[in-house]
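Student: Handing over upload_20.cif, mmCIF, N, CA and C atoms and all ligand atoms.
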data_structure
#
loop_
_atom_site.label_atom_id
_atom_site.label_comp_id
_atom_site.auth_asym_id
_atom_site.auth_seq_id
_atom_site.Cartn_x
_atom_site.Cartn_y
_atom_site.Cartn_z
N MET Q 1 45.15 -61.04 -64.64
CA MET Q 1 43.96 -61.74 -65.16
C MET Q 1 42.89 -61.81 -64.05
N HIS Q 2 41.70 -61.31 -64.35
CA HIS Q 2 40.63 -61.32 -63.34
C HIS Q 2 39.65 -62.44 -63.68
N ARG Q 3 39.64 -63.49 -62.88
CA ARG Q 3 38.73 -64.61 -63.12
C ARG Q 3 37.82 -64.81 -61.91
N TYR Q 4 36.54 -64.91 -62.18
CA TYR Q 4 35.58 -65.04 -61.09
C TYR Q 4 34.50 -66.06 -61.42
N ASP Q 5 33.93 -66.64 -60.37
CA ASP Q 5 32.76 -67.49 -60.56
C ASP Q 5 31.53 -66.62 -60.82
N TYR Q 6 31.48 -65.50 -60.11
CA TYR Q 6 30.34 -64.59 -60.26
C TYR Q 6 30.85 -63.16 -60.42
N ILE Q 7 30.40 -62.51 -61.46
CA ILE Q 7 30.68 -61.08 -61.61
C ILE Q 7 29.34 -60.36 -61.55
N ILE Q 8 29.26 -59.39 -60.66
CA ILE Q 8 28.03 -58.62 -60.51
C ILE Q 8 28.31 -57.20 -60.98
N ILE Q 9 27.50 -56.74 -61.89
CA ILE Q 9 27.70 -55.40 -62.44
C ILE Q 9 26.72 -54.45 -61.75
N GLY Q 10 27.27 -53.52 -61.00
CA GLY Q 10 26.44 -52.59 -60.25
C GLY Q 10 26.55 -52.86 -58.76
N GLY Q 11 27.07 -51.89 -58.03
CA GLY Q 11 27.29 -52.09 -56.59
C GLY Q 11 26.29 -51.36 -55.72
N GLY Q 12 25.07 -51.16 -56.24
CA GLY Q 12 23.99 -50.59 -55.43
C GLY Q 12 23.43 -51.66 -54.50
N ILE Q 13 22.24 -51.38 -53.96
CA ILE Q 13 21.68 -52.32 -52.98
C ILE Q 13 21.37 -53.69 -53.63
N ALA Q 14 20.92 -53.66 -54.88
CA ALA Q 14 20.59 -54.94 -55.54
C ALA Q 14 21.85 -55.77 -55.76
N GLY Q 15 22.89 -55.12 -56.31
CA GLY Q 15 24.13 -55.85 -56.60
C GLY Q 15 24.82 -56.34 -55.34
N THR Q 16 24.85 -55.49 -54.34
CA THR Q 16 25.52 -55.85 -53.09
C THR Q 16 24.77 -56.99 -52.39
N THR Q 17 23.46 -56.90 -52.39
CA THR Q 17 22.66 -57.97 -51.77
C THR Q 17 22.84 -59.28 -52.53
N ALA Q 18 22.90 -59.18 -53.85
CA ALA Q 18 23.13 -60.40 -54.64
C ALA Q 18 24.47 -61.03 -54.25
N ALA Q 19 25.51 -60.21 -54.15
CA ALA Q 19 26.84 -60.73 -53.80
C ALA Q 19 26.84 -61.36 -52.41
N GLU Q 20 26.21 -60.70 -51.46
CA GLU Q 20 26.20 -61.22 -50.09
C GLU Q 20 25.37 -62.49 -49.98
N THR Q 21 24.33 -62.56 -50.79
CA THR Q 21 23.49 -63.76 -50.77
C THR Q 21 24.23 -64.95 -51.38
N ILE Q 22 24.95 -64.70 -52.45
CA ILE Q 22 25.76 -65.77 -53.06
C ILE Q 22 26.81 -66.25 -52.05
N ARG Q 23 27.45 -65.30 -51.36
CA ARG Q 23 28.47 -65.68 -50.38
C ARG Q 23 27.89 -66.60 -49.30
N LYS Q 24 26.67 -66.29 -48.86
CA LYS Q 24 26.04 -67.14 -47.82
C LYS Q 24 25.83 -68.56 -48.35
N ALA Q 25 25.51 -68.67 -49.64
CA ALA Q 25 25.21 -69.98 -50.22
C ALA Q 25 26.47 -70.73 -50.63
N ASP Q 26 27.55 -70.01 -50.91
CA ASP Q 26 28.76 -70.64 -51.43
C ASP Q 26 29.99 -69.94 -50.83
N SER Q 27 30.56 -70.57 -49.83
CA SER Q 27 31.67 -69.91 -49.13
C SER Q 27 32.96 -69.87 -49.95
N ASN Q 28 33.03 -70.69 -51.01
CA ASN Q 28 34.25 -70.73 -51.82
C ASN Q 28 34.20 -69.89 -53.09
N ALA Q 29 33.03 -69.39 -53.42
CA ALA Q 29 32.88 -68.70 -54.71
C ALA Q 29 33.78 -67.47 -54.79
N ARG Q 30 34.33 -67.26 -55.98
CA ARG Q 30 35.08 -66.02 -56.25
C ARG Q 30 34.07 -65.02 -56.81
N ILE Q 31 33.90 -63.93 -56.08
CA ILE Q 31 32.83 -62.98 -56.41
C ILE Q 31 33.42 -61.58 -56.60
N ALA Q 32 33.06 -60.96 -57.71
CA ALA Q 32 33.49 -59.58 -57.96
C ALA Q 32 32.27 -58.69 -58.18
N ILE Q 33 32.38 -57.47 -57.70
CA ILE Q 33 31.37 -56.45 -57.97
C ILE Q 33 32.07 -55.34 -58.75
N LEU Q 34 31.53 -55.00 -59.93
CA LEU Q 34 32.06 -53.88 -60.71
C LEU Q 34 31.14 -52.68 -60.51
N GLU Q 35 31.71 -51.61 -60.06
CA GLU Q 35 30.90 -50.42 -59.76
C GLU Q 35 31.55 -49.19 -60.40
N GLU Q 36 30.78 -48.47 -61.18
CA GLU Q 36 31.40 -47.35 -61.91
C GLU Q 36 31.66 -46.14 -61.03
N GLU Q 37 30.94 -46.03 -59.93
CA GLU Q 37 31.21 -44.90 -59.02
C GLU Q 37 32.41 -45.23 -58.13
N LYS Q 38 32.84 -44.23 -57.36
CA LYS Q 38 34.04 -44.47 -56.55
C LYS Q 38 33.70 -44.94 -55.13
N HIS Q 39 32.39 -45.05 -54.82
CA HIS Q 39 32.00 -45.32 -53.44
C HIS Q 39 31.61 -46.77 -53.18
N VAL Q 40 31.77 -47.16 -51.93
CA VAL Q 40 31.13 -48.39 -51.47
C VAL Q 40 29.62 -48.12 -51.41
N LEU Q 41 28.86 -49.14 -51.06
CA LEU Q 41 27.40 -48.99 -51.05
C LEU Q 41 26.95 -47.86 -50.12
N TYR Q 42 26.12 -46.99 -50.66
CA TYR Q 42 25.53 -45.93 -49.83
C TYR Q 42 24.03 -45.88 -50.10
N SER Q 43 23.31 -45.23 -49.19
CA SER Q 43 21.85 -45.16 -49.31
C SER Q 43 21.44 -43.99 -50.20
N ARG Q 44 20.82 -44.32 -51.30
CA ARG Q 44 20.28 -43.26 -52.17
C ARG Q 44 19.13 -42.56 -51.45
N VAL Q 45 18.42 -43.33 -50.64
CA VAL Q 45 17.25 -42.81 -49.94
C VAL Q 45 17.63 -41.66 -49.01
N PHE Q 46 18.81 -41.78 -48.39
CA PHE Q 46 19.24 -40.75 -47.43
C PHE Q 46 19.93 -39.54 -48.08
N LEU Q 47 20.14 -39.61 -49.39
CA LEU Q 47 20.90 -38.53 -50.04
C LEU Q 47 20.30 -37.13 -49.84
N PRO Q 48 18.98 -36.99 -50.01
CA PRO Q 48 18.42 -35.64 -49.82
C PRO Q 48 18.71 -35.08 -48.43
N LYS Q 49 18.57 -35.92 -47.40
CA LYS Q 49 18.84 -35.46 -46.03
C LYS Q 49 20.32 -35.11 -45.87
N TYR Q 50 21.17 -35.90 -46.51
CA TYR Q 50 22.62 -35.64 -46.41
C TYR Q 50 22.96 -34.31 -47.09
N CYS Q 51 22.35 -34.08 -48.25
CA CYS Q 51 22.61 -32.83 -48.98
C CYS Q 51 22.12 -31.62 -48.18
N ARG Q 52 21.12 -31.82 -47.37
CA ARG Q 52 20.61 -30.72 -46.52
C ARG Q 52 21.35 -30.64 -45.18
N ASN Q 53 22.42 -31.45 -45.06
CA ASN Q 53 23.22 -31.48 -43.82
C ASN Q 53 22.41 -31.90 -42.61
N GLU Q 54 21.41 -32.74 -42.84
CA GLU Q 54 20.58 -33.19 -41.70
C GLU Q 54 21.12 -34.47 -41.08
N ILE Q 55 21.93 -35.19 -41.84
CA ILE Q 55 22.54 -36.42 -41.31
C ILE Q 55 24.02 -36.46 -41.71
N THR Q 56 24.76 -37.30 -41.03
CA THR Q 56 26.20 -37.39 -41.30
C THR Q 56 26.47 -38.36 -42.45
N ARG Q 57 27.69 -38.27 -42.97
CA ARG Q 57 28.12 -39.17 -44.04
C ARG Q 57 28.06 -40.64 -43.58
N GLU Q 58 28.40 -40.86 -42.32
CA GLU Q 58 28.42 -42.23 -41.77
C GLU Q 58 27.04 -42.87 -41.86
N LYS Q 59 26.02 -42.05 -41.72
CA LYS Q 59 24.64 -42.58 -41.78
C LYS Q 59 24.29 -43.00 -43.22
N VAL Q 60 24.90 -42.31 -44.18
CA VAL Q 60 24.59 -42.59 -45.59
C VAL Q 60 25.31 -43.84 -46.09
N MET Q 61 26.54 -44.02 -45.61
CA MET Q 61 27.33 -45.16 -46.09
C MET Q 61 26.81 -46.45 -45.45
N LEU Q 62 26.44 -47.40 -46.28
CA LEU Q 62 25.84 -48.64 -45.75
C LEU Q 62 26.86 -49.77 -45.59
N ARG Q 63 28.02 -49.61 -46.21
CA ARG Q 63 29.08 -50.61 -46.07
C ARG Q 63 30.42 -49.88 -45.94
N SER Q 64 31.38 -50.58 -45.34
CA SER Q 64 32.76 -50.09 -45.31
C SER Q 64 33.60 -51.03 -46.16
N LEU Q 65 34.80 -50.60 -46.50
CA LEU Q 65 35.68 -51.50 -47.26
C LEU Q 65 35.92 -52.80 -46.50
N GLY Q 66 35.98 -52.68 -45.17
CA GLY Q 66 36.18 -53.86 -44.33
C GLY Q 66 35.06 -54.88 -44.47
N ASP Q 67 33.85 -54.40 -44.70
CA ASP Q 67 32.71 -55.33 -44.87
C ASP Q 67 32.92 -56.21 -46.11
N TYR Q 68 33.41 -55.61 -47.18
CA TYR Q 68 33.65 -56.38 -48.41
C TYR Q 68 34.79 -57.38 -48.19
N GLU Q 69 35.82 -56.92 -47.50
CA GLU Q 69 36.96 -57.82 -47.23
C GLU Q 69 36.51 -59.00 -46.38
N LYS Q 70 35.72 -58.70 -45.35
CA LYS Q 70 35.24 -59.75 -44.45
C LYS Q 70 34.46 -60.82 -45.21
N GLU Q 71 33.66 -60.38 -46.16
CA GLU Q 71 32.84 -61.32 -46.95
C GLU Q 71 33.59 -61.85 -48.17
N ARG Q 72 34.82 -61.42 -48.34
CA ARG Q 72 35.66 -61.81 -49.49
C ARG Q 72 34.94 -61.50 -50.82
N LEU Q 73 34.44 -60.27 -50.89
CA LEU Q 73 33.83 -59.76 -52.12
C LEU Q 73 34.81 -58.75 -52.71
N ASP Q 74 35.26 -58.99 -53.92
CA ASP Q 74 36.22 -58.07 -54.56
C ASP Q 74 35.44 -56.92 -55.21
N LEU Q 75 35.49 -55.77 -54.57
CA LEU Q 75 34.79 -54.60 -55.09
C LEU Q 75 35.75 -53.79 -55.95
N TYR Q 76 35.39 -53.60 -57.21
CA TYR Q 76 36.18 -52.76 -58.12
C TYR Q 76 35.40 -51.47 -58.33
N THR Q 77 35.89 -50.38 -57.75
CA THR Q 77 35.22 -49.10 -57.98
C THR Q 77 35.88 -48.41 -59.18
N TYR Q 78 35.22 -47.40 -59.70
CA TYR Q 78 35.67 -46.75 -60.94
C TYR Q 78 35.81 -47.77 -62.07
N GLU Q 79 35.00 -48.77 -62.03
CA GLU Q 79 35.12 -49.84 -63.03
C GLU Q 79 33.78 -49.97 -63.74
N LYS Q 80 33.68 -49.26 -64.86
CA LYS Q 80 32.42 -49.27 -65.61
C LYS Q 80 32.41 -50.39 -66.63
N ALA Q 81 31.44 -51.29 -66.53
CA ALA Q 81 31.32 -52.37 -67.52
C ALA Q 81 30.79 -51.78 -68.82
N GLU Q 82 31.45 -52.11 -69.89
CA GLU Q 82 31.03 -51.57 -71.19
C GLU Q 82 30.38 -52.63 -72.07
N SER Q 83 30.93 -53.85 -72.02
CA SER Q 83 30.37 -54.89 -72.88
C SER Q 83 30.54 -56.26 -72.23
N ILE Q 84 29.63 -57.14 -72.62
CA ILE Q 84 29.69 -58.52 -72.13
C ILE Q 84 29.67 -59.45 -73.32
N ASP Q 85 30.61 -60.38 -73.36
CA ASP Q 85 30.67 -61.38 -74.41
C ASP Q 85 30.36 -62.73 -73.77
N PHE Q 86 29.18 -63.28 -74.08
CA PHE Q 86 28.76 -64.52 -73.43
C PHE Q 86 29.45 -65.74 -74.03
N VAL Q 87 30.04 -65.60 -75.21
CA VAL Q 87 30.79 -66.72 -75.79
C VAL Q 87 32.16 -66.82 -75.12
N LYS Q 88 32.83 -65.69 -75.06
CA LYS Q 88 34.16 -65.66 -74.41
C LYS Q 88 34.04 -65.61 -72.89
N ARG Q 89 32.84 -65.36 -72.40
CA ARG Q 89 32.60 -65.22 -70.96
C ARG Q 89 33.45 -64.12 -70.36
N GLU Q 90 33.37 -62.97 -71.00
CA GLU Q 90 34.18 -61.86 -70.49
C GLU Q 90 33.39 -60.56 -70.46
N VAL Q 91 33.76 -59.76 -69.47
CA VAL Q 91 33.20 -58.42 -69.34
C VAL Q 91 34.34 -57.45 -69.60
N LYS Q 92 34.13 -56.53 -70.55
CA LYS Q 92 35.14 -55.51 -70.80
C LYS Q 92 34.72 -54.23 -70.10
N ALA Q 93 35.69 -53.62 -69.43
CA ALA Q 93 35.42 -52.38 -68.71
C ALA Q 93 36.02 -51.20 -69.45
N LEU Q 94 35.50 -50.03 -69.14
CA LEU Q 94 35.99 -48.79 -69.75
C LEU Q 94 37.49 -48.60 -69.48
N SER Q 95 37.95 -49.08 -68.35
CA SER Q 95 39.36 -48.96 -67.96
C SER Q 95 40.30 -49.77 -68.86
N GLY Q 96 39.71 -50.71 -69.61
CA GLY Q 96 40.53 -51.62 -70.41
C GLY Q 96 40.68 -52.98 -69.74
N ASN Q 97 40.31 -53.06 -68.46
CA ASN Q 97 40.37 -54.35 -67.77
C ASN Q 97 39.35 -55.32 -68.35
N ILE Q 98 39.74 -56.59 -68.34
CA ILE Q 98 38.83 -57.65 -68.79
C ILE Q 98 38.63 -58.60 -67.61
N PHE Q 99 37.36 -58.91 -67.35
CA PHE Q 99 37.00 -59.80 -66.25
C PHE Q 99 36.33 -61.04 -66.85
N TYR Q 100 36.83 -62.21 -66.47
CA TYR Q 100 36.28 -63.47 -67.00
C TYR Q 100 35.35 -64.08 -65.97
N PHE Q 101 34.22 -64.57 -66.44
CA PHE Q 101 33.26 -65.20 -65.52
C PHE Q 101 32.95 -66.62 -65.96
N ASN Q 102 32.81 -67.46 -64.97
CA ASN Q 102 32.38 -68.83 -65.21
C ASN Q 102 31.92 -69.40 -63.87
N PRO Q 103 30.61 -69.58 -63.67
CA PRO Q 103 29.60 -69.63 -64.71
C PRO Q 103 28.79 -68.35 -64.94
N PHE Q 104 28.76 -67.41 -63.98
CA PHE Q 104 27.72 -66.40 -64.08
C PHE Q 104 28.20 -64.96 -64.12
N VAL Q 105 27.48 -64.16 -64.89
CA VAL Q 105 27.55 -62.71 -64.75
C VAL Q 105 26.14 -62.26 -64.41
N ILE Q 106 26.03 -61.37 -63.47
CA ILE Q 106 24.73 -60.88 -63.03
C ILE Q 106 24.66 -59.39 -63.31
N ILE Q 107 23.68 -59.02 -64.08
CA ILE Q 107 23.56 -57.62 -64.48
C ILE Q 107 22.36 -57.02 -63.77
N ILE Q 108 22.62 -55.96 -63.06
CA ILE Q 108 21.51 -55.32 -62.36
C ILE Q 108 20.61 -54.66 -63.39
N SER Q 109 19.31 -55.01 -63.33
CA SER Q 109 18.41 -54.74 -64.44
C SER Q 109 18.34 -53.27 -64.84
N THR Q 110 18.46 -52.37 -63.88
CA THR Q 110 18.27 -50.96 -64.22
C THR Q 110 19.39 -50.41 -65.10
N ILE Q 111 20.50 -51.14 -65.20
CA ILE Q 111 21.63 -50.60 -65.96
C ILE Q 111 21.90 -51.35 -67.25
N SER Q 112 21.11 -52.40 -67.52
CA SER Q 112 21.47 -53.28 -68.61
C SER Q 112 21.41 -52.61 -69.98
N ASN Q 113 20.65 -51.53 -70.10
CA ASN Q 113 20.58 -50.88 -71.42
C ASN Q 113 21.83 -50.09 -71.76
N ALA Q 114 22.74 -49.94 -70.77
CA ALA Q 114 23.96 -49.17 -71.02
C ALA Q 114 25.13 -50.07 -71.41
N ILE Q 115 24.88 -51.36 -71.55
CA ILE Q 115 25.96 -52.31 -71.80
C ILE Q 115 25.73 -52.99 -73.15
N THR Q 116 26.81 -53.21 -73.87
CA THR Q 116 26.73 -53.91 -75.15
C THR Q 116 26.87 -55.41 -74.91
N PHE Q 117 26.01 -56.19 -75.56
CA PHE Q 117 26.06 -57.64 -75.39
C PHE Q 117 26.55 -58.31 -76.68
N GLY Q 118 27.38 -59.31 -76.50
CA GLY Q 118 27.88 -60.02 -77.66
C GLY Q 118 27.87 -61.51 -77.46
C1 LIG V 201 17.44 -39.25 -54.02
C2 LIG V 201 16.78 -40.60 -54.01
C3 LIG V 201 15.82 -40.90 -53.03
C4 LIG V 201 15.20 -42.15 -53.03
N1 LIG V 201 14.26 -42.41 -52.06
C5 LIG V 201 13.65 -43.63 -52.04
C6 LIG V 201 12.72 -43.97 -51.02
O1 LIG V 201 12.42 -43.16 -50.14
N2 LIG V 201 12.13 -45.19 -51.04
C7 LIG V 201 12.46 -46.12 -52.01
O2 LIG V 201 11.88 -47.22 -51.98
N3 LIG V 201 13.35 -45.83 -52.97
C8 LIG V 201 13.96 -44.64 -53.02
N4 LIG V 201 14.85 -44.34 -53.99
C9 LIG V 201 15.12 -45.37 -55.00
C10 LIG V 201 16.14 -46.37 -54.50
O3 LIG V 201 17.31 -45.70 -54.13
C11 LIG V 201 16.39 -47.31 -55.68
O4 LIG V 201 15.22 -48.06 -55.86
C12 LIG V 201 17.55 -48.23 -55.39
O5 LIG V 201 18.73 -47.49 -55.20
C13 LIG V 201 17.74 -49.17 -56.56
O6 LIG V 201 18.85 -49.99 -56.24
P1 LIG V 201 19.64 -50.74 -57.37
O7 LIG V 201 20.78 -51.43 -56.70
O8 LIG V 201 18.70 -51.56 -58.17
O9 LIG V 201 20.13 -49.62 -58.37
P2 LIG V 201 21.15 -48.38 -58.10
O10 LIG V 201 21.03 -47.86 -56.70
O11 LIG V 201 20.87 -47.48 -59.24
O12 LIG V 201 22.56 -49.10 -58.27
C14 LIG V 201 23.07 -49.45 -59.52
C15 LIG V 201 24.59 -49.26 -59.44
O13 LIG V 201 25.15 -49.70 -60.67
C16 LIG V 201 26.20 -48.82 -61.03
N5 LIG V 201 26.38 -48.93 -62.48
C17 LIG V 201 25.55 -48.48 -63.46
N6 LIG V 201 26.01 -48.83 -64.69
C18 LIG V 201 27.17 -49.49 -64.46
C19 LIG V 201 28.12 -50.09 -65.33
N7 LIG V 201 27.95 -50.10 -66.67
N8 LIG V 201 29.23 -50.68 -64.80
C20 LIG V 201 29.43 -50.69 -63.43
N9 LIG V 201 28.53 -50.13 -62.56
C21 LIG V 201 27.42 -49.54 -63.07
C22 LIG V 201 25.74 -47.44 -60.56
O14 LIG V 201 26.84 -46.58 -60.36
C23 LIG V 201 25.02 -47.81 -59.26
O15 LIG V 201 25.87 -47.71 -58.14
C24 LIG V 201 15.51 -43.10 -54.03
C25 LIG V 201 16.49 -42.80 -55.00
C26 LIG V 201 17.11 -41.57 -55.01
C27 LIG V 201 18.15 -41.27 -56.07
#
Using structure tokens, write down the structure that the file contains.
Tutor:
Amino acid sequence: MHRYDYIIIGGGIAGTTAAETIRKADSNARIAILEEEKHVLYSRVFLPKYCRNEITREKVMLRSLGDYEKERLDLYTYEKAESIDFVKREVKALSGNIFYFNPFVIIISTISNAITFG
């Protein structure tokens, strides 16, 4: 059973910053980030340079798994949110996992049109 105070959908810069900001304000909060890709936070801005082999992978990656552990942020990769039920307070993922939130789910605005709301 996955129960969190805050569930953040999307592990890009907006979602990661939201999680880290919540952690600063609330040291006890249970915080999860659901990210459909397999990576920790990386810089989209540096991608073209990386594809041209002008910079290393280390330069592109903005966080390590250790950074999430240190901040006690539960990062779920390969976890695509499919629907949110605000009555049941649950997020259903493509994997079949169900994540319960109370009080908040935070949806990164650029992805909200891909999720079903109930
Ligand atoms: C090649 C490239 C170059 C860029 N260069 C610049 C630049 O020079 N300057 C600049 O200001 N901006 C630049 N940008 C734009 C910048 O990267 C974006 O503004 C920024 O990444 C937006 O961050 P975000 O966290 O809002 O969204 P995103 O980075 O899009 O993060 C959203 C995350 O949510 C995840 N997600 C989506 N749907 C779901 C779901 N249903 N369940 C779980 N996870 C989900 C995605 O996998 C993604 O990781 C560039 C972008 C690209 C692609």
Student: Check which residues fall inside 9 Å of ligand LIG 201 (chain V) when counting only C-alpha atoms and all ligand atoms, and print them as number ranges by chain.
Tutor: Q: 8-17, 33-49, 76-83, 93-94, 107-115
Student: Write the residues of the selection above to a file with N, CA and C atoms, as a compact mmCIF listing (two decimals), in the frame of the given file.
Tutor:
# COMPACT_ATOMS: atom_id res chain seq x y z
N ILE Q 8 29.26 -59.39 -60.66
CA ILE Q 8 28.03 -58.62 -60.51
C ILE Q 8 28.31 -57.20 -60.98
N ILE Q 9 27.50 -56.74 -61.89
CA ILE Q 9 27.70 -55.40 -62.44
C ILE Q 9 26.72 -54.45 -61.75
N GLY Q 10 27.27 -53.52 -61.00
CA GLY Q 10 26.44 -52.59 -60.25
C GLY Q 10 26.55 -52.86 -58.76
N GLY Q 11 27.07 -51.89 -58.03
CA GLY Q 11 27.29 -52.09 -56.59
C GLY Q 11 26.29 -51.36 -55.72
N GLY Q 12 25.07 -51.16 -56.24
CA GLY Q 12 23.99 -50.59 -55.43
C GLY Q 12 23.43 -51.66 -54.50
N ILE Q 13 22.24 -51.38 -53.96
CA ILE Q 13 21.68 -52.32 -52.98
C ILE Q 13 21.37 -53.69 -53.63
N ALA Q 14 20.92 -53.66 -54.88
CA ALA Q 14 20.59 -54.94 -55.54
C ALA Q 14 21.85 -55.77 -55.76
N GLY Q 15 22.89 -55.12 -56.31
CA GLY Q 15 24.13 -55.85 -56.60
C GLY Q 15 24.82 -56.34 -55.34
N THR Q 16 24.85 -55.49 -54.34
CA THR Q 16 25.52 -55.85 -53.09
C THR Q 16 24.77 -56.99 -52.39
N THR Q 17 23.46 -56.90 -52.39
CA THR Q 17 22.66 -57.97 -51.77
C THR Q 17 22.84 -59.28 -52.53
N ILE Q 33 32.38 -57.47 -57.70
CA ILE Q 33 31.37 -56.45 -57.97
C ILE Q 33 32.07 -55.34 -58.75
N LEU Q 34 31.53 -55.00 -59.93
CA LEU Q 34 32.06 -53.88 -60.71
C LEU Q 34 31.14 -52.68 -60.51
N GLU Q 35 31.71 -51.61 -60.06
CA GLU Q 35 30.90 -50.42 -59.76
C GLU Q 35 31.55 -49.19 -60.40
N GLU Q 36 30.78 -48.47 -61.18
CA GLU Q 36 31.40 -47.35 -61.91
C GLU Q 36 31.66 -46.14 -61.03
N GLU Q 37 30.94 -46.03 -59.93
CA GLU Q 37 31.21 -44.90 -59.02
C GLU Q 37 32.41 -45.23 -58.13
N LYS Q 38 32.84 -44.23 -57.36
CA LYS Q 38 34.04 -44.47 -56.55
C LYS Q 38 33.70 -44.94 -55.13
N HIS Q 39 32.39 -45.05 -54.82
CA HIS Q 39 32.00 -45.32 -53.44
C HIS Q 39 31.61 -46.77 -53.18
N VAL Q 40 31.77 -47.16 -51.93
CA VAL Q 40 31.13 -48.39 -51.47
C VAL Q 40 29.62 -48.12 -51.41
N LEU Q 41 28.86 -49.14 -51.06
CA LEU Q 41 27.40 -48.99 -51.05
C LEU Q 41 26.95 -47.86 -50.12
N TYR Q 42 26.12 -46.99 -50.66
CA TYR Q 42 25.53 -45.93 -49.83
C TYR Q 42 24.03 -45.88 -50.10
N SER Q 43 23.31 -45.23 -49.19
CA SER Q 43 21.85 -45.16 -49.31
C SER Q 43 21.44 -43.99 -50.20
N ARG Q 44 20.82 -44.32 -51.30
CA ARG Q 44 20.28 -43.26 -52.17
C ARG Q 44 19.13 -42.56 -51.45
N VAL Q 45 18.42 -43.33 -50.64
CA VAL Q 45 17.25 -42.81 -49.94
C VAL Q 45 17.63 -41.66 -49.01
N PHE Q 46 18.81 -41.78 -48.39
CA PHE Q 46 19.24 -40.75 -47.43
C PHE Q 46 19.93 -39.54 -48.08
N LEU Q 47 20.14 -39.61 -49.39
CA LEU Q 47 20.90 -38.53 -50.04
C LEU Q 47 20.30 -37.13 -49.84
N PRO Q 48 18.98 -36.99 -50.01
CA PRO Q 48 18.42 -35.64 -49.82
C PRO Q 48 18.71 -35.08 -48.43
N LYS Q 49 18.57 -35.92 -47.40
CA LYS Q 49 18.84 -35.46 -46.03
C LYS Q 49 20.32 -35.11 -45.87
N TYR Q 76 35.39 -53.60 -57.21
CA TYR Q 76 36.18 -52.76 -58.12
C TYR Q 76 35.40 -51.47 -58.33
N THR Q 77 35.89 -50.38 -57.75
CA THR Q 77 35.22 -49.10 -57.98
C THR Q 77 35.88 -48.41 -59.18
N TYR Q 78 35.22 -47.40 -59.70
CA TYR Q 78 35.67 -46.75 -60.94
C TYR Q 78 35.81 -47.77 -62.07
N GLU Q 79 35.00 -48.77 -62.03
CA GLU Q 79 35.12 -49.84 -63.03
C GLU Q 79 33.78 -49.97 -63.74
N LYS Q 80 33.68 -49.26 -64.86
CA LYS Q 80 32.42 -49.27 -65.61
C LYS Q 80 32.41 -50.39 -66.63
N ALA Q 81 31.44 -51.29 -66.53
CA ALA Q 81 31.32 -52.37 -67.52
C ALA Q 81 30.79 -51.78 -68.82
N GLU Q 82 31.45 -52.11 -69.89
CA GLU Q 82 31.03 -51.57 -71.19
C GLU Q 82 30.38 -52.63 -72.07
N SER Q 83 30.93 -53.85 -72.02
CA SER Q 83 30.37 -54.89 -72.88
C SER Q 83 30.54 -56.26 -72.23
N ALA Q 93 35.69 -53.62 -69.43
CA ALA Q 93 35.42 -52.38 -68.71
C ALA Q 93 36.02 -51.20 -69.45
N LEU Q 94 35.50 -50.03 -69.14
CA LEU Q 94 35.99 -48.79 -69.75
C LEU Q 94 37.49 -48.60 -69.48
N ILE Q 107 23.68 -59.02 -64.08
CA ILE Q 107 23.56 -57.62 -64.48
C ILE Q 107 22.36 -57.02 -63.77
N ILE Q 108 22.62 -55.96 -63.06
CA ILE Q 108 21.51 -55.32 -62.36
C ILE Q 108 20.61 -54.66 -63.39
N SER Q 109 19.31 -55.01 -63.33
CA SER Q 109 18.41 -54.74 -64.44
C SER Q 109 18.34 -53.27 -64.84
N THR Q 110 18.46 -52.37 -63.88
CA THR Q 110 18.27 -50.96 -64.22
C THR Q 110 19.39 -50.41 -65.10
N ILE Q 111 20.50 -51.14 -65.20
CA ILE Q 111 21.63 -50.60 -65.96
C ILE Q 111 21.90 -51.35 -67.25
N SER Q 112 21.11 -52.40 -67.52
CA SER Q 112 21.47 -53.28 -68.61
C SER Q 112 21.41 -52.61 -69.98
N ASN Q 113 20.65 -51.53 -70.10
CA ASN Q 113 20.58 -50.88 -71.42
C ASN Q 113 21.83 -50.09 -71.76
N ALA Q 114 22.74 -49.94 -70.77
CA ALA Q 114 23.96 -49.17 -71.02
C ALA Q 114 25.13 -50.07 -71.41
N ILE Q 115 24.88 -51.36 -71.55
CA ILE Q 115 25.96 -52.31 -71.80
C ILE Q 115 25.73 -52.99 -73.15
Student: According to DSSP computed on the backbone, where in chain Q is there strand (DSSP E)? Give the residues as an MDAnalysis selection string.
Tutor: chainID Q and resid 2:9 31:34 73:76 81:85 90:93 98:107 116:117
Student: Figure out the distance between atom CA of Phe86 of chain Q and atom CA of Glu71 of chain Q, please, to one decimal in Å.
Tutor: 27.0 Å
Student: Quick one: distance from atom CA of Leu75 of chain Q to atom CA of Arg89 of chain Q in Å, one decimal?
Tutor: 19.2 Å
Student: Taking only C-alpha atoms into account, name the residue in Q:Asn102, Q:Ser27, Q:Thr116, Q:Asn97 that is nearest to Arg3 of chain Q.
Tutor: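 Using only C-alpha atoms, Arg3 of chain Q sits closest to Q:Asn102.
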Student: What gap, in Å, lies between atom CA of Asp74 of chain Q and atom CA of Asp5 of chain Q?
Tutor: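 Result for atom CA of Asp74 of chain Q versus atom CA of Asp5 of chain Q: 11.7 Å, one decimal.
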Student: My list of candidates is Q:Lys92, Q:Arg57, Q:Ala29, Q:Tyr6. Which is closest to Ile106 of chain Q when distances are computed with all atoms listed in the file?
Tutor: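 Between Q:Lys92, Q:Arg57, Q:Ala29, Q:Tyr6, the residue approaching Ile106 of chain Q most closely is Q:Tyr6.
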Student: Which one of Q:Leu62, Q:Asn28, Q:Glu20, Q:Ile84 sits closest to Phe117 of chain Q if you count all atoms listed in the file?
Tutor: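 Checking each candidate against Phe117 of chain Q, we get Q:Ile84 as the closest.
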Student: Can you list, as number ranges by chain, every protein, DNA or RNA residue that comes within 6 Å of Ile31 of chain Q when you count only C-alpha atoms, leaving out same-chain residues fewer than 4 positions away?
Tutor: Q: 4, 6-7, 73
Student: I'd like the box whose edges run along x, y and z of the file and which contains every listed atom of segment 100-103 of chain Q, padded by 5 Å per side; could you state its centre and edge lengths in Å, one decimal, as AutoDock Vina command-line options?
Tutor:
--center_x 32.8 --center_y -65.9 --center_z -65.3 --size_x 18.0 --size_y 17.4 --size_z 13.3
